[in-house]
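Listing of protein_8.txt; format and content: compact mmCIF, C-alpha atoms.
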# COMPACT_ATOMS: atom_id res chain seq x y z
CA MET T 1318 -107.89 -1.86 102.16
CA ALA T 1319 -111.11 -3.60 101.10
CA HIS T 1320 -112.61 -6.40 103.11
CA GLN T 1321 -111.64 -9.93 102.07
CA LEU T 1322 -113.21 -13.40 102.20
CA ALA T 1323 -112.03 -16.59 103.85
CA THR T 1324 -113.97 -19.82 103.31
CA PHE T 1325 -113.54 -22.94 105.44
CA ALA T 1326 -115.36 -26.28 105.59
CA GLY T 1327 -115.07 -28.03 108.93
CA GLY T 1328 -118.03 -30.34 109.29
CA CYS T 1329 -121.26 -29.04 110.80
CA PHE T 1330 -121.31 -25.30 110.13
CA TRP T 1331 -123.08 -24.63 113.43
CA CYS T 1332 -119.76 -25.36 115.14
CA MET T 1333 -117.64 -23.30 112.77
CA VAL T 1334 -119.28 -19.92 113.38
CA ALA T 1335 -118.64 -19.23 117.08
CA PRO T 1336 -114.81 -19.62 116.94
CA PHE T 1337 -114.59 -16.76 114.41
CA ASP T 1338 -117.64 -14.64 115.19
CA GLU T 1339 -116.87 -11.32 116.91
CA TYR T 1340 -113.11 -11.85 116.68
CA PRO T 1341 -111.39 -8.47 116.13
CA GLY T 1342 -111.31 -7.81 112.41
CA VAL T 1343 -114.12 -10.22 111.55
CA ILE T 1344 -117.03 -8.39 109.97
CA GLU T 1345 -119.41 -11.30 109.37
CA VAL T 1346 -119.53 -15.11 109.45
CA ILE T 1347 -122.06 -16.77 107.15
CA SER T 1348 -123.05 -20.44 107.18
CA GLY T 1349 -123.56 -21.93 103.73
CA TYR T 1350 -122.76 -24.46 101.04
CA THR T 1351 -119.93 -24.54 98.51
CA GLY T 1352 -118.01 -26.88 96.22
CA GLY T 1353 -121.07 -28.38 94.52
CA PHE T 1354 -122.76 -28.24 91.13
CA LEU T 1355 -126.33 -27.11 91.89
CA ALA T 1356 -127.42 -23.49 92.37
CA ASN T 1357 -129.25 -22.56 95.57
CA PRO T 1358 -129.10 -25.98 97.24
CA THR T 1359 -131.23 -26.73 100.27
CA TYR T 1360 -130.01 -28.19 103.55
CA GLU T 1361 -131.85 -31.44 102.86
CA GLN T 1362 -130.30 -31.80 99.39
CA VAL T 1363 -126.80 -31.16 100.71
CA CYS T 1364 -127.20 -33.58 103.62
CA ARG T 1365 -128.38 -36.32 101.26
CA GLY T 1366 -125.26 -35.79 99.16
CA GLU T 1367 -127.25 -34.87 96.06
CA THR T 1368 -125.39 -31.66 95.15
CA GLY T 1369 -121.70 -32.24 95.88
CA HIS T 1370 -121.61 -29.34 98.35
CA VAL T 1371 -119.97 -29.24 101.75
CA GLU T 1372 -121.19 -27.26 104.71
CA ALA T 1373 -118.89 -24.26 105.13
CA VAL T 1374 -118.52 -20.82 106.64
CA GLN T 1375 -117.59 -17.72 104.71
CA ILE T 1376 -115.82 -15.08 106.77
CA VAL T 1377 -115.77 -11.41 105.78
CA TYR T 1378 -112.76 -9.83 107.46
CA ASP T 1379 -110.61 -6.70 107.48
CA PRO T 1380 -107.04 -7.68 106.51
CA GLU T 1381 -105.67 -4.51 108.08
CA ILE T 1382 -106.77 -5.81 111.48
CA LEU T 1383 -106.78 -9.58 111.07
CA ALA T 1384 -104.22 -11.62 109.15
CA TYR T 1385 -105.36 -14.57 107.03
CA GLU T 1386 -102.67 -16.66 108.74
CA THR T 1387 -104.42 -16.09 112.07
CA LEU T 1388 -107.68 -17.35 110.60
CA LEU T 1389 -105.87 -20.47 109.40
CA GLU T 1390 -104.48 -21.12 112.88
CA MET T 1391 -107.97 -20.79 114.33
CA TYR T 1392 -109.41 -23.11 111.67
CA TRP T 1393 -107.02 -26.00 112.30
CA ARG T 1394 -107.93 -25.97 116.00
CA GLN T 1395 -111.61 -26.60 115.24
CA ILE T 1396 -111.33 -29.78 113.15
CA ASP T 1397 -109.86 -33.25 112.77
CA PRO T 1398 -107.76 -32.73 109.61
CA THR T 1399 -106.95 -36.45 109.36
CA ASP T 1400 -110.53 -37.63 108.74
CA PRO T 1401 -111.32 -37.99 105.00
CA GLY T 1402 -114.94 -39.03 105.55
CA GLY T 1403 -116.42 -36.20 107.60
CA GLN T 1404 -116.10 -34.73 111.06
CA PHE T 1405 -116.71 -36.48 114.36
CA CYS T 1406 -120.26 -37.91 114.53
CA ASP T 1407 -121.13 -36.36 111.14
CA GLN T 1408 -119.87 -38.52 108.30
CA GLY T 1409 -120.52 -38.07 104.60
CA THR T 1410 -119.50 -35.86 101.71
CA SER T 1411 -121.23 -32.74 103.03
CA TYR T 1412 -119.18 -32.83 106.24
CA LYS T 1413 -115.71 -33.09 104.74
CA THR T 1414 -113.06 -30.48 105.56
CA ALA T 1415 -111.50 -28.07 103.06
CA ILE T 1416 -109.85 -24.69 102.80
CA PHE T 1417 -111.17 -22.69 99.85
CA TYR T 1418 -108.74 -19.97 98.77
CA HIS T 1419 -109.84 -16.74 97.06
CA THR T 1420 -106.43 -15.39 96.00
CA PRO T 1421 -103.01 -16.80 95.10
CA GLU T 1422 -101.72 -15.37 98.37
CA GLN T 1423 -104.34 -17.28 100.34
CA LYS T 1424 -103.44 -20.48 98.48
CA GLU T 1425 -99.77 -20.06 99.35
CA ALA T 1426 -100.54 -19.29 102.99
CA ALA T 1427 -102.95 -22.23 103.32
CA GLU T 1428 -100.52 -24.72 101.81
CA ALA T 1429 -97.70 -23.44 104.02
CA SER T 1430 -99.93 -23.70 107.07
CA LYS T 1431 -100.92 -27.26 106.15
CA ARG T 1432 -97.27 -28.27 105.71
CA ALA T 1433 -96.36 -26.73 109.07
CA LEU T 1434 -99.14 -28.66 110.79
CA ALA T 1435 -98.05 -31.91 109.16
CA GLU T 1436 -94.43 -31.34 110.17
CA SER T 1437 -95.35 -30.42 113.74
CA GLY T 1438 -96.03 -34.04 114.66
CA ARG T 1439 -99.26 -33.14 116.43
CA PHE T 1440 -101.11 -35.67 114.28
CA SER T 1441 -99.66 -39.09 113.52
CA ALA T 1442 -101.99 -39.65 110.55
CA PRO T 1443 -101.67 -37.66 107.29
CA ILE T 1444 -103.33 -34.25 107.01
CA VAL T 1445 -106.00 -34.83 104.37
CA THR T 1446 -107.81 -31.46 104.37
CA PRO T 1447 -107.52 -30.20 100.78
CA VAL T 1448 -106.71 -26.65 99.69
CA LEU T 1449 -109.13 -25.82 96.87
CA SER T 1450 -110.05 -22.86 94.70
CA ALA T 1451 -113.15 -21.08 95.96
CA GLY T 1452 -116.29 -21.21 93.84
CA ASP T 1453 -119.90 -20.20 94.35
CA PHE T 1454 -120.99 -19.92 97.96
CA TRP T 1455 -124.69 -20.26 98.78
CA PRO T 1456 -125.86 -18.94 102.19
CA ALA T 1457 -127.76 -21.50 104.22
CA GLU T 1458 -131.31 -21.06 105.43
CA ASP T 1459 -131.94 -18.33 108.01
CA TYR T 1460 -132.41 -20.74 110.91
CA HIS T 1461 -128.84 -22.00 110.43
CA GLN T 1462 -127.31 -18.51 110.67
CA GLY T 1463 -125.80 -17.75 114.08
CA PHE T 1464 -127.26 -20.99 115.44
CA TYR T 1465 -125.03 -20.91 118.52
CA LYS T 1466 -126.71 -17.67 119.61
CA LYS T 1467 -130.27 -18.60 118.69
CA ASN T 1468 -130.20 -22.03 120.33
CA PRO T 1469 -127.33 -22.00 122.86
CA ALA T 1470 -128.45 -25.05 124.87
CA HIS T 1471 -128.97 -27.20 121.75
CA TYR T 1472 -125.68 -25.98 120.32
CA LYS T 1473 -123.65 -26.78 123.45
CA ASN T 1474 -125.22 -30.22 123.81
CA TYR T 1475 -124.58 -31.00 120.15
CA ARG T 1476 -120.91 -29.95 120.32
CA LYS T 1477 -120.37 -32.08 123.40
CA SER T 1478 -122.20 -35.17 122.15
CA SER T 1479 -120.59 -34.97 118.71
CA GLY T 1480 -117.13 -35.54 120.18
CA ARG T 1481 -115.71 -32.30 118.78
CA ASP T 1482 -115.02 -30.61 122.11
CA GLU T 1483 -113.34 -33.66 123.62
CA PHE T 1484 -111.17 -34.10 120.53
CA ILE T 1485 -110.06 -30.47 120.58
CA ARG T 1486 -109.21 -30.59 124.28
CA GLU T 1487 -107.19 -33.79 123.93
CA ARG T 1488 -105.43 -32.93 120.67
CA TRP T 1489 -104.42 -29.40 121.66
CA ALA T 1490 -103.69 -30.10 125.32
CA LEU T 1491 -100.33 -28.85 126.53
CA ASP T 1492 -97.67 -30.98 128.17
CA LYS T 1493 -97.39 -29.40 131.62
CA SER T 1494 -94.83 -31.84 133.02
CA ASP T 1495 -92.02 -29.28 133.19
CA LEU T 1496 -93.98 -26.19 134.22
CA GLN T 1497 -92.42 -26.04 137.67
CA GLU T 1498 -89.05 -25.51 136.01
CA LYS T 1499 -90.32 -23.00 133.46
CA LEU T 1500 -92.48 -20.86 135.72
CA SER T 1501 -91.66 -18.82 138.79
CA LYS T 1502 -93.23 -19.86 142.08
CA ILE T 1503 -95.96 -17.23 141.88
CA GLN T 1504 -96.69 -18.02 138.22
CA TYR T 1505 -97.06 -21.70 139.01
CA HIS T 1506 -99.15 -21.02 142.11
CA VAL T 1507 -101.56 -18.77 140.22
CA THR T 1508 -101.96 -20.76 137.02
CA GLN T 1509 -101.79 -24.34 138.31
CA GLU T 1510 -103.00 -24.03 141.90
CA ASN T 1511 -105.71 -21.39 141.36
CA GLY T 1512 -103.78 -18.88 143.44
CA THR T 1513 -104.05 -15.10 143.66
CA GLU T 1514 -101.16 -12.65 143.72
CA PRO T 1515 -101.13 -9.57 146.00
CA PRO T 1516 -102.89 -6.45 144.66
CA PHE T 1517 -100.70 -3.47 143.72
CA GLN T 1518 -97.65 -5.73 144.03
CA ASN T 1519 -97.67 -7.40 140.63
CA GLU T 1520 -96.08 -6.69 137.31
CA TYR T 1521 -98.85 -5.31 135.13
CA TRP T 1522 -101.47 -3.63 137.35
CA HIS T 1523 -100.12 -0.20 136.30
CA GLU T 1524 -98.82 -1.11 132.81
CA THR T 1525 -100.06 1.53 130.32
CA ARG T 1526 -98.11 0.77 127.13
CA GLU T 1527 -99.79 -0.53 123.99
CA GLY T 1528 -99.45 -4.24 123.37
CA ILE T 1529 -100.90 -7.68 123.97
CA TYR T 1530 -101.09 -9.91 127.02
CA VAL T 1531 -100.42 -13.58 126.28
CA ASP T 1532 -100.89 -16.75 128.33
CA ILE T 1533 -97.70 -17.28 130.35
CA VAL T 1534 -98.03 -21.04 129.80
CA SER T 1535 -99.06 -21.38 126.15
CA GLY T 1536 -98.20 -18.00 124.61
CA GLU T 1537 -101.77 -17.68 123.35
CA PRO T 1538 -102.84 -14.01 123.01
CA LEU T 1539 -105.62 -13.39 125.56
CA PHE T 1540 -106.05 -9.64 126.14
CA THR T 1541 -104.94 -6.33 124.62
CA SER T 1542 -104.13 -2.90 126.01
CA LEU T 1543 -107.05 -1.58 123.95
CA ASP T 1544 -109.45 -3.18 126.45
CA LYS T 1545 -107.43 -2.49 129.62
CA PHE T 1546 -108.59 0.04 132.19
CA ASP T 1547 -107.68 1.17 135.70
CA ALA T 1548 -110.22 -0.44 137.99
CA GLY T 1549 -108.44 0.68 141.15
CA CYS T 1550 -108.32 -2.90 142.42
CA GLY T 1551 -104.58 -3.47 142.06
CA TRP T 1552 -104.76 -6.12 139.33
CA PRO T 1553 -104.77 -5.80 135.51
CA SER T 1554 -108.39 -5.27 134.45
CA PHE T 1555 -109.95 -5.64 131.00
CA THR T 1556 -113.43 -5.10 129.62
CA LYS T 1557 -113.15 -8.25 127.49
CA PRO T 1558 -110.73 -10.91 126.25
CA LEU T 1559 -109.31 -10.72 122.75
CA HIS T 1560 -111.99 -13.27 121.84
CA LYS T 1561 -114.50 -15.09 124.03
CA ASN T 1562 -113.44 -18.43 122.52
CA LEU T 1563 -109.98 -18.06 124.09
CA VAL T 1564 -111.22 -18.23 127.69
CA GLU T 1565 -113.60 -20.37 129.71
CA GLU T 1566 -115.72 -19.19 132.61
CA LYS T 1567 -116.59 -21.48 135.50
CA VAL T 1568 -118.47 -21.14 138.78
CA ASP T 1569 -116.07 -20.71 141.70
CA LYS T 1570 -117.50 -21.28 145.18
CA SER T 1571 -114.20 -21.28 147.04
CA HIS T 1572 -113.50 -19.07 150.06
CA GLY T 1573 -117.19 -18.87 150.92
CA MET T 1574 -118.01 -16.79 147.82
CA ALA T 1575 -119.79 -17.36 144.53
CA ARG T 1576 -117.65 -15.95 141.73
CA THR T 1577 -117.00 -16.57 138.05
CA GLU T 1578 -113.52 -17.91 137.42
CA VAL T 1579 -111.72 -17.18 134.15
CA ARG T 1580 -109.41 -19.85 132.71
CA SER T 1581 -107.35 -19.99 129.55
CA LYS T 1582 -109.10 -22.39 127.20
CA HIS T 1583 -105.92 -23.61 125.53
CA SER T 1584 -103.72 -24.20 128.58
CA ASP T 1585 -106.49 -24.62 131.18
CA SER T 1586 -104.60 -22.19 133.42
CA HIS T 1587 -106.32 -20.13 136.10
CA LEU T 1588 -106.28 -16.47 135.07
CA GLY T 1589 -108.54 -14.65 137.52
CA HIS T 1590 -112.23 -13.75 137.80
CA VAL T 1591 -114.80 -11.69 135.92
CA PHE T 1592 -117.21 -9.30 137.61
CA GLY T 1593 -120.20 -7.30 136.42
CA ASP T 1594 -118.95 -3.90 137.60
CA GLY T 1595 -116.89 -2.83 134.60
CA PRO T 1596 -117.28 0.15 132.27
CA LYS T 1597 -119.13 0.28 128.98
CA PRO T 1598 -119.48 -1.18 126.43
CA THR T 1599 -119.40 -4.61 128.10
CA GLY T 1600 -120.05 -3.69 131.73
CA LEU T 1601 -117.56 -6.40 132.68
CA ARG T 1602 -114.29 -6.38 134.63
CA TYR T 1603 -111.93 -9.23 133.84
CA CYS T 1604 -109.70 -9.08 136.91
CA ILE T 1605 -106.60 -11.04 135.88
CA ASN T 1606 -103.43 -12.01 137.71
CA SER T 1607 -100.26 -10.55 136.22
CA ALA T 1608 -98.54 -13.85 136.99
CA ALA T 1609 -100.80 -15.60 134.48
CA LEU T 1610 -99.75 -13.25 131.69
CA ARG T 1611 -96.77 -12.03 129.71
CA PHE T 1612 -96.97 -8.53 128.25
CA ILE T 1613 -95.53 -7.89 124.80
CA PRO T 1614 -95.21 -4.19 123.86
CA LYS T 1615 -96.45 -3.22 120.43
CA GLU T 1616 -92.95 -2.40 119.20
CA LYS T 1617 -91.74 -5.94 120.04
CA MET T 1618 -94.70 -7.92 118.74
CA GLU T 1619 -93.18 -8.50 115.30
CA GLU T 1620 -89.86 -9.86 116.58
CA GLU T 1621 -91.61 -12.09 119.12
CA GLY T 1622 -93.81 -13.71 116.49
CA TYR T 1623 -97.03 -11.80 117.08
CA GLY T 1624 -96.84 -9.47 114.10
CA GLN T 1625 -100.17 -10.75 112.76
CA TYR T 1626 -101.87 -8.94 115.67
CA LEU T 1627 -100.42 -5.51 114.93
CA GLY T 1628 -103.49 -4.66 112.88
CA LEU T 1629 -105.48 -4.46 116.12
CA PHE T 1630 -103.75 -1.15 116.87
CA LYS T 1631 -104.43 0.52 113.52
CA LYS T 1632 -107.94 1.64 114.50

Could I get this file's structure written as structure tokens?
Amino acid sequence: MAHQLATFAGGCFWCMVAPFDEYPGVIEVISGYTGGFLANPTYEQVCRGETGHVEAVQIVYDPEILAYETLLEMYWRQIDPTDPGGQFCDQGTSYKTAIFYHTPEQKEAAEASKRALAESGRFSAPIVTPVLSAGDFWPAEDYHQGFYKKNPAHYKNYRKSSGRDEFIRERWALDKSDLQEKLSKIQYHVTQENGTEPPFQNEYWHETREGIYVDIVSGEPLFTSLDKFDAGCGWPSFTKPLHKNLVEEKVDKSHGMARTEVRSKHSDSHLGHVFGDGPKPTGLRYCINSAALRFIPKEKMEEEGYGQYLGLFKK
């Protein structure tokens, strides 16, 4: 199947590249301008509102690996869909949100996704992000491409000061009030109290079936069997997460050691630690507690609502 396009406007395009870049099935993420009336607009023209364009990202992806519905889920979690005037500290026509569909199927999926979000009750205000037909897309200047990699310090400071990160954390935070009833003692101890389960005495250290490992608290897919390896340490070990945007890494100086803790970004649960002694291609070992995960075998992914990730196992 040929590669397809997905185009999303979500305010400053610097912040809309990293969430999709390097996700399995994503071939390329391009920052640019769309929805306007002038060919080859410049950044200055767009920012001044002279061309009718919005800042957007165009994603080239493989639909056999990555479902468009998954891209839509990722998109909604990056924006404030209730703001008609822009995004966070950036206000004006060029910073408005929009989903630009390329096929009738994308239009149907986008409208269904928008309805589901509105009906979820997560936002009290109306969802104003429009679903529009895609038109010409003009790549932005070279210095805007992959900005989060070229200027990581500037990028992180901008995201924080813009209010985007705080909004995302607050809006998508989970209600953990009943976790003690939902989780077993070891699951609660590991995820909420930064605990560690015994090596070689946990559920998944020797699991070899194909499938995905999801956050025990939120259900968010975090790792896959494709990146799992036997590190001999007695805990599930992976060379990388499903996507770097799904986890956060923090300095951990507990127990008289300096380590890098791994936490689930969505649920803020403790998962484990990452070390620099893993195999190629990453050279990393994500040493994760089984108690922080739930394994879903490939043959059960469809019935458990994770069918959109089956494409990961086709290559």

I need the residue nearest Val1334 (chain T) from this list: T:Tyr1626, T:Tyr1350, T:Trp1455, T:Phe1464. Use all atoms listed in the file for the distance.
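Using all atoms listed in the file, the shortest distance to Val1334 (chain T) belongs to T:Phe1464.
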
Answer as a count of residues only, residues within 10 Å of (-104.7, -18.4, 102.5) using only C-alpha atoms:
25

Between T:Asp1338, T:Asp1585, T:Gln1404, T:Glu1578, which has the minimum distance to Gly1480 (chain T) (counting only C-alpha atoms)?
T:Gln1404

Selection: 8 Å around Phe1517 (chain T), all atoms listed in the file, excl. self and same-chain fewer than 6 positions, as a PDB file with C-alpha atoms, in the frame of the given file:
ATOM      1  CA  CYS T1550    -108.320  -2.900 142.420  1.00  0.00           C
ATOM      2  CA  GLY T1551    -104.580  -3.470 142.060  1.00  0.00           C
ATOM      3  CA  TRP T1552    -104.760  -6.120 139.330  1.00  0.00           C
TER       4      TRP T1552
END

Identify, on the basis of all atoms listed in the file, every residue whose closest approach to Trp1331 (chain T) does not exceed 9 Å; exclude the query and any residue fewer than 4 positions from it along the same chain; express the result as a list in words.
Ala1335, Ser1348, His1461, Gln1462, Gly1463, Phe1464, Tyr1465, Tyr1472 and Arg1476 of chain T

Close residues, region 1570-1572 of chain T itself excluded, 12 Å, all atoms listed in the file, min 4 positions apart in chain, as a PyMOL selection string:
chain T and resi 1511-1512+1576-1578+1590

Generate the coordinates of N, CA and C atoms for region 1416-1436 of chain T; report them as an mmCIF file, in the frame of the given file.
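Saved to out.cif:
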data_model
loop_
_atom_site.group_PDB
_atom_site.id
_atom_site.type_symbol
_atom_site.label_atom_id
_atom_site.label_comp_id
_atom_site.auth_asym_id
_atom_site.auth_seq_id
_atom_site.Cartn_x
_atom_site.Cartn_y
_atom_site.Cartn_z
ATOM 1 N N ILE T 1416 -110.141 -26.117 102.816
ATOM 2 C CA ILE T 1416 -109.850 -24.690 102.800
ATOM 3 C C ILE T 1416 -110.040 -24.211 101.374
ATOM 4 N N PHE T 1417 -110.898 -23.228 101.177
ATOM 5 C CA PHE T 1417 -111.170 -22.690 99.850
ATOM 6 C C PHE T 1417 -110.504 -21.319 99.735
ATOM 7 N N TYR T 1418 -109.479 -21.229 98.892
ATOM 8 C CA TYR T 1418 -108.740 -19.970 98.770
ATOM 9 C C TYR T 1418 -109.374 -19.057 97.721
ATOM 10 N N HIS T 1419 -109.258 -17.744 97.958
ATOM 11 C CA HIS T 1419 -109.840 -16.740 97.060
ATOM 12 C C HIS T 1419 -108.774 -15.978 96.267
ATOM 13 N N THR T 1420 -107.522 -16.082 96.678
ATOM 14 C CA THR T 1420 -106.430 -15.390 96.000
ATOM 15 C C THR T 1420 -105.205 -16.294 95.977
ATOM 16 N N PRO T 1421 -104.252 -16.025 95.092
ATOM 17 C CA PRO T 1421 -103.010 -16.800 95.100
ATOM 18 C C PRO T 1421 -102.284 -16.708 96.434
ATOM 19 N N GLU T 1422 -102.377 -15.544 97.075
ATOM 20 C CA GLU T 1422 -101.720 -15.370 98.370
ATOM 21 C C GLU T 1422 -102.348 -16.269 99.436
ATOM 22 N N GLN T 1423 -103.671 -16.388 99.397
ATOM 23 C CA GLN T 1423 -104.340 -17.280 100.340
ATOM 24 C C GLN T 1423 -103.954 -18.736 100.079
ATOM 25 N N LYS T 1424 -103.851 -19.111 98.811
ATOM 26 C CA LYS T 1424 -103.440 -20.480 98.480
ATOM 27 C C LYS T 1424 -102.067 -20.788 99.049
ATOM 28 N N GLU T 1425 -101.129 -19.867 98.847
ATOM 29 C CA GLU T 1425 -99.770 -20.060 99.350
ATOM 30 C C GLU T 1425 -99.749 -20.159 100.866
ATOM 31 N N ALA T 1426 -100.499 -19.287 101.530
ATOM 32 C CA ALA T 1426 -100.540 -19.290 102.990
ATOM 33 C C ALA T 1426 -101.179 -20.568 103.522
ATOM 34 N N ALA T 1427 -102.254 -21.016 102.875
ATOM 35 C CA ALA T 1427 -102.950 -22.230 103.320
ATOM 36 C C ALA T 1427 -102.074 -23.458 103.156
ATOM 37 N N GLU T 1428 -101.385 -23.569 102.026
ATOM 38 C CA GLU T 1428 -100.520 -24.720 101.810
ATOM 39 C C GLU T 1428 -99.338 -24.722 102.776
ATOM 40 N N ALA T 1429 -98.796 -23.531 103.062
ATOM 41 C CA ALA T 1429 -97.700 -23.440 104.020
ATOM 42 C C ALA T 1429 -98.176 -23.821 105.419
ATOM 43 N N SER T 1430 -99.371 -23.382 105.768
ATOM 44 C CA SER T 1430 -99.930 -23.700 107.070
ATOM 45 C C SER T 1430 -100.190 -25.201 107.208
ATOM 46 N N LYS T 1431 -100.662 -25.823 106.145
ATOM 47 C CA LYS T 1431 -100.920 -27.260 106.150
ATOM 48 C C LYS T 1431 -99.617 -28.033 106.294
ATOM 49 N N ARG T 1432 -98.576 -27.603 105.596
ATOM 50 C CA ARG T 1432 -97.270 -28.270 105.710
ATOM 51 C C ARG T 1432 -96.730 -28.153 107.137
ATOM 52 N N ALA T 1433 -96.863 -26.956 107.714
ATOM 53 C CA ALA T 1433 -96.360 -26.730 109.070
ATOM 54 C C ALA T 1433 -97.075 -27.634 110.070
ATOM 55 N N LEU T 1434 -98.379 -27.795 109.898
ATOM 56 C CA LEU T 1434 -99.140 -28.660 110.790
ATOM 57 C C LEU T 1434 -98.686 -30.112 110.642
ATOM 58 N N ALA T 1435 -98.490 -30.537 109.409
ATOM 59 C CA ALA T 1435 -98.050 -31.910 109.160
ATOM 60 C C ALA T 1435 -96.673 -32.174 109.768
ATOM 61 N N GLU T 1436 -95.791 -31.189 109.684
ATOM 62 C CA GLU T 1436 -94.430 -31.340 110.170
ATOM 63 C C GLU T 1436 -94.323 -31.182 111.687
#
